[in-house]
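Q: Enclosed is the structure file target_23.txt (compact mmCIF, C-alpha atoms).
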```txt
# COMPACT_ATOMS: atom_id res chain seq x y z
CA MET Z 1248 144.25 180.29 47.93
CA LYS Z 1249 147.25 178.44 46.55
CA ILE Z 1250 146.90 178.24 42.77
CA VAL Z 1251 149.11 176.26 40.37
CA ILE Z 1252 148.94 177.19 36.69
CA THR Z 1253 150.63 175.47 33.76
CA GLY Z 1254 151.15 177.47 30.59
CA HIS Z 1255 151.23 180.71 32.56
CA THR Z 1256 153.43 182.86 30.32
CA ARG Z 1257 151.04 183.44 27.39
CA GLY Z 1258 147.39 183.98 26.58
CA VAL Z 1259 144.71 182.95 29.05
CA GLY Z 1260 147.26 181.39 31.43
CA LYS Z 1261 149.19 184.66 31.67
CA ILE Z 1262 146.03 186.65 32.37
CA LEU Z 1263 144.98 184.19 35.08
CA TYR Z 1264 148.44 184.21 36.63
CA GLU Z 1265 148.54 188.00 36.76
CA ARG Z 1266 144.98 188.38 38.08
CA TYR Z 1267 145.32 185.79 40.83
CA LYS Z 1268 148.70 187.26 41.85
CA ALA Z 1269 147.24 190.80 41.96
CA ALA Z 1270 144.39 189.52 44.16
CA GLY Z 1271 146.95 188.32 46.71
CA HIS Z 1272 146.82 184.58 46.09
CA GLU Z 1273 149.88 182.34 46.23
CA VAL Z 1274 150.37 181.53 42.55
CA LEU Z 1275 152.90 179.07 41.12
CA GLY Z 1276 153.42 179.01 37.37
CA TYR Z 1277 155.03 176.31 35.25
CA SER Z 1278 155.67 176.51 31.51
CA ALA Z 1279 158.17 175.41 28.91
CA SER Z 1280 158.96 179.02 28.01
CA SER Z 1281 160.07 179.65 31.58
CA GLY Z 1282 162.31 176.58 31.49
CA PHE Z 1283 159.92 174.03 32.98
CA ASN Z 1284 159.21 171.28 30.41
CA LEU Z 1285 156.17 169.34 31.62
CA SER Z 1286 156.59 166.68 28.95
CA ARG Z 1287 159.20 165.14 31.29
CA GLU Z 1288 157.83 162.77 33.91
CA ASP Z 1289 160.09 164.11 36.67
CA LYS Z 1290 158.65 167.61 36.12
CA GLN Z 1291 155.08 166.26 36.27
CA ILE Z 1292 155.90 164.49 39.55
CA PHE Z 1293 157.33 167.74 40.94
CA VAL Z 1294 154.15 169.67 40.06
CA ALA Z 1295 151.98 166.85 41.46
CA ARG Z 1296 153.78 167.26 44.80
CA GLU Z 1297 152.93 170.98 44.79
CA LEU Z 1298 149.30 170.07 44.12
CA LYS Z 1299 149.04 168.12 47.38
CA THR Z 1300 148.76 171.50 49.13
CA ALA Z 1301 147.13 173.52 46.34
CA ASP Z 1302 143.53 174.69 46.27
CA VAL Z 1303 143.31 175.18 42.50
CA PHE Z 1304 145.12 173.68 39.52
CA ILE Z 1305 144.67 175.30 36.12
CA ASN Z 1306 145.77 172.78 33.50
CA ASN Z 1307 146.57 175.07 30.59
CA ALA Z 1308 149.85 173.78 29.16
CA PRO Z 1309 149.59 172.51 25.59
CA GLY Z 1310 151.21 169.31 24.47
CA LEU Z 1311 150.92 165.57 24.36
CA PHE Z 1312 151.15 165.33 28.14
CA GLN Z 1313 148.24 167.52 29.29
CA HIS Z 1314 145.96 164.58 30.05
CA GLN Z 1315 148.78 162.86 32.00
CA MET Z 1316 149.20 165.98 34.14
CA LEU Z 1317 145.42 166.04 34.67
CA ILE Z 1318 145.45 162.44 35.95
CA ARG Z 1319 148.30 163.28 38.36
CA ALA Z 1320 146.47 166.40 39.55
CA LEU Z 1321 143.20 164.58 40.24
CA ASP Z 1322 145.13 161.95 42.19
CA SER Z 1323 147.22 164.49 44.15
CA MET Z 1324 144.19 166.59 45.12
CA SER Z 1325 141.78 163.70 45.70
CA GLY Z 1326 139.33 163.96 48.58
CA ARG Z 1327 140.24 167.49 49.70
CA LYS Z 1328 137.09 169.60 49.95
CA GLY Z 1329 137.24 172.89 48.10
CA THR Z 1330 139.93 171.84 45.63
CA VAL Z 1331 139.37 172.58 41.95
CA VAL Z 1332 141.03 171.28 38.79
CA CYS Z 1333 140.37 173.39 35.72
CA SER Z 1334 141.39 172.08 32.29
CA LEU Z 1335 141.49 174.13 29.11
CA SER Z 1336 140.54 171.99 26.16
CA SER Z 1337 139.50 172.92 22.65
CA LEU Z 1338 136.61 172.71 20.26
CA THR Z 1339 138.94 170.64 18.10
CA SER Z 1340 138.60 167.78 20.61
CA ARG Z 1341 135.14 167.17 19.20
CA TYR Z 1342 135.44 168.33 15.62
CA GLY Z 1343 139.13 168.13 14.75
CA VAL Z 1344 139.08 171.26 12.65
CA GLY Z 1345 141.97 173.65 12.24
CA GLN Z 1346 144.54 171.72 14.25
CA SER Z 1347 146.78 168.71 13.90
CA LEU Z 1348 145.51 165.22 14.59
CA GLU Z 1349 147.84 164.97 17.61
CA TYR Z 1350 146.51 168.19 19.13
CA SER Z 1351 142.90 167.11 18.61
CA ALA Z 1352 143.59 163.69 20.16
CA GLU Z 1353 145.33 165.21 23.19
CA LYS Z 1354 142.46 167.60 23.85
CA ALA Z 1355 139.97 164.72 23.47
CA ALA Z 1356 141.95 162.77 26.09
CA VAL Z 1357 141.70 165.76 28.47
CA ASP Z 1358 137.93 165.85 27.90
CA ILE Z 1359 137.58 162.13 28.64
CA VAL Z 1360 139.68 162.25 31.83
CA SER Z 1361 137.71 165.24 33.12
CA ALA Z 1362 134.31 163.72 32.32
CA THR Z 1363 135.27 160.35 33.78
CA HIS Z 1364 136.38 161.98 37.02
CA GLN Z 1365 133.13 163.98 37.21
CA GLN Z 1366 131.09 160.78 36.90
CA ARG Z 1367 133.15 158.45 39.10
CA SER Z 1368 134.42 160.62 41.94
CA PRO Z 1369 132.55 159.38 45.04
CA ASP Z 1370 133.45 162.36 47.24
CA ARG Z 1371 133.20 164.96 44.44
CA TRP Z 1372 136.60 166.47 45.22
CA PRO Z 1373 138.45 167.87 43.52
CA ALA Z 1374 135.86 169.56 41.35
CA SER Z 1375 136.84 169.01 37.71
CA LEU Z 1376 135.92 171.88 35.39
CA LEU Z 1377 136.39 171.72 31.63
CA TYR Z 1378 136.57 174.68 29.25
CA ARG Z 1379 136.34 173.77 25.60
CA ALA Z 1380 137.14 176.85 23.52
CA GLY Z 1381 137.15 177.73 19.87
CA TYR Z 1382 139.78 180.20 18.76
CA ILE Z 1383 140.94 182.54 21.51
CA ASP Z 1384 142.40 185.90 20.54
CA THR Z 1385 146.06 185.25 21.43
CA ASP Z 1386 149.37 185.34 19.58
CA ARG Z 1387 148.94 181.64 18.73
CA SER Z 1388 145.78 182.37 16.72
CA ALA Z 1389 146.96 185.65 15.19
CA ASN Z 1390 147.13 184.14 11.68
CA LYS Z 1391 143.64 182.57 11.88
CA THR Z 1392 140.75 184.33 10.17
CA ALA Z 1393 138.07 182.68 12.32
CA HIS Z 1394 135.94 184.44 14.90
CA LYS Z 1395 137.86 184.65 18.17
CA VAL Z 1396 136.78 185.01 21.75
CA SER Z 1397 138.70 187.39 23.98
CA ALA Z 1398 141.34 185.82 26.25
CA LYS Z 1399 140.21 188.24 28.96
CA ASP Z 1400 136.61 186.96 28.70
CA VAL Z 1401 137.78 183.35 28.95
CA ALA Z 1402 139.86 184.23 32.03
CA ASP Z 1403 136.84 185.99 33.59
CA MET Z 1404 134.70 182.85 33.13
CA ILE Z 1405 137.39 180.65 34.62
CA ILE Z 1406 137.88 182.86 37.68
CA TRP Z 1407 134.12 183.05 38.28
CA SER Z 1408 133.45 179.31 37.94
CA VAL Z 1409 136.57 178.24 39.87
CA GLN Z 1410 135.49 180.44 42.79
CA ALA Z 1411 131.96 179.00 42.74
CA ALA Z 1412 133.27 175.42 42.76
CA HIS Z 1413 135.86 176.19 45.46
CA GLU Z 1414 133.08 177.57 47.68
CA ASP Z 1415 130.87 174.56 46.79
CA ARG Z 1416 128.09 176.86 45.56
CA PHE Z 1417 127.80 175.15 42.17
CA ARG Z 1418 129.91 173.60 39.44
CA VAL Z 1419 130.04 174.30 35.77
CA ASN Z 1420 131.31 170.91 34.65
CA GLU Z 1421 131.82 171.97 31.04
CA ILE Z 1422 131.81 175.30 29.26
CA LEU Z 1423 131.92 175.67 25.49
CA VAL Z 1424 133.37 179.06 24.60
CA VAL Z 1425 132.94 180.33 21.04
CA LYS Z 1426 132.24 183.59 19.27
```
The structure given in the file should be rewritten as structure tokens.

A:
Amino acid sequence: MKIVITGHTRGVGKILYERYKAAGHEVLGYSASSGFNLSREDKQIFVARELKTADVFINNAPGLFQHQMLIRALDSMSGRKGTVVCSLSSLTSRYGVGQSLEYSAEKAAVDIVSATHQQRSPDRWPASLLYRAGYIDTDRSANKTAHKVSAKDVADMIIWSVQAAHEDRFRVNEILVVK
């Protein structure tokens, strides 16, 4: 499979990138820390072009542009059987705790775009999977005292459910991941 991952240099994105690569998939990673700033429209257009031939898009990059990239991905991959768009959201999209207002609003926008696509897509492709997590045990949450779920466990769930959707066995439209 050809897999495109944003936010692939840290946390869950890094684990997914490494696992898919080790399994022999063609994996393309884009992140600000590797010099690819997806807040710029020209960079989003570039990634959207890559998605026209991708099987899986993992929308993991944080920022006030994640829902825009999701809209571009759904459009670029529209109607192609077996394609999957996976978005990592946050528990804060519903409850707004522990994060800034901007972060909570951005994650809520991701949730809405994903849910709207799930309800309105007449041909069901691409499959749109949403993972809403509490704190994940990564360097970004190191200073938080809350219960944290393992980044490895989140990656395992994503790999499992992406494969099931890709094979059209079943879809897990939304997963809430907390500890």

Q: With all atoms listed in the file as the basis for distance, which of Z:Ile1292, Z:Leu1377, Z:Ala1402, Z:Ala1308 is at the shortest distance from Z:Ser1340?

A: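 Under the stated criterion, the closest residue is Z:Leu1377.
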
Q: Of the residues Z:Leu1311, Z:Val1294, Z:Ser1408, Z:Ser1351, which is the one nearest to Z:Ser1323, using all atoms listed in the file?

A: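 Selected residue with least distance to Z:Ser1323: Z:Val1294.
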
Q: Which residue out of Z:Glu1353, Z:Glu1265, Z:Glu1421, Z:Asp1370 has the minimum interatomic distance to Z:Cys1333 when all atoms listed in the file are used?

A: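 Under the stated criterion, the closest residue is Z:Glu1421.
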
Q: Smallest atom-to-atom distance to Z:Phe1312: which of Z:Thr1253, Z:Ser1347, Z:Thr1300, Z:Gln1365, using all atoms listed in the file?

A: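 When distances to Z:Phe1312 are compared using all atoms listed in the file, the smallest one comes from Z:Thr1253.
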
Q: Find the distance between atom CA of Z:Asn1307 and atom CA of Z:Ile1252 and write it in Å to one decimal.

A: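 Interatomic distance here is 6.9 Å.
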
Q: Work out how far atom CA of Z:Gly1282 is from atom CA of Z:Val1251, in Å to one decimal.

A: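 Computing the Euclidean distance for atom CA of Z:Val1251 and atom CA of Z:Gly1282 yields 15.9 Å.
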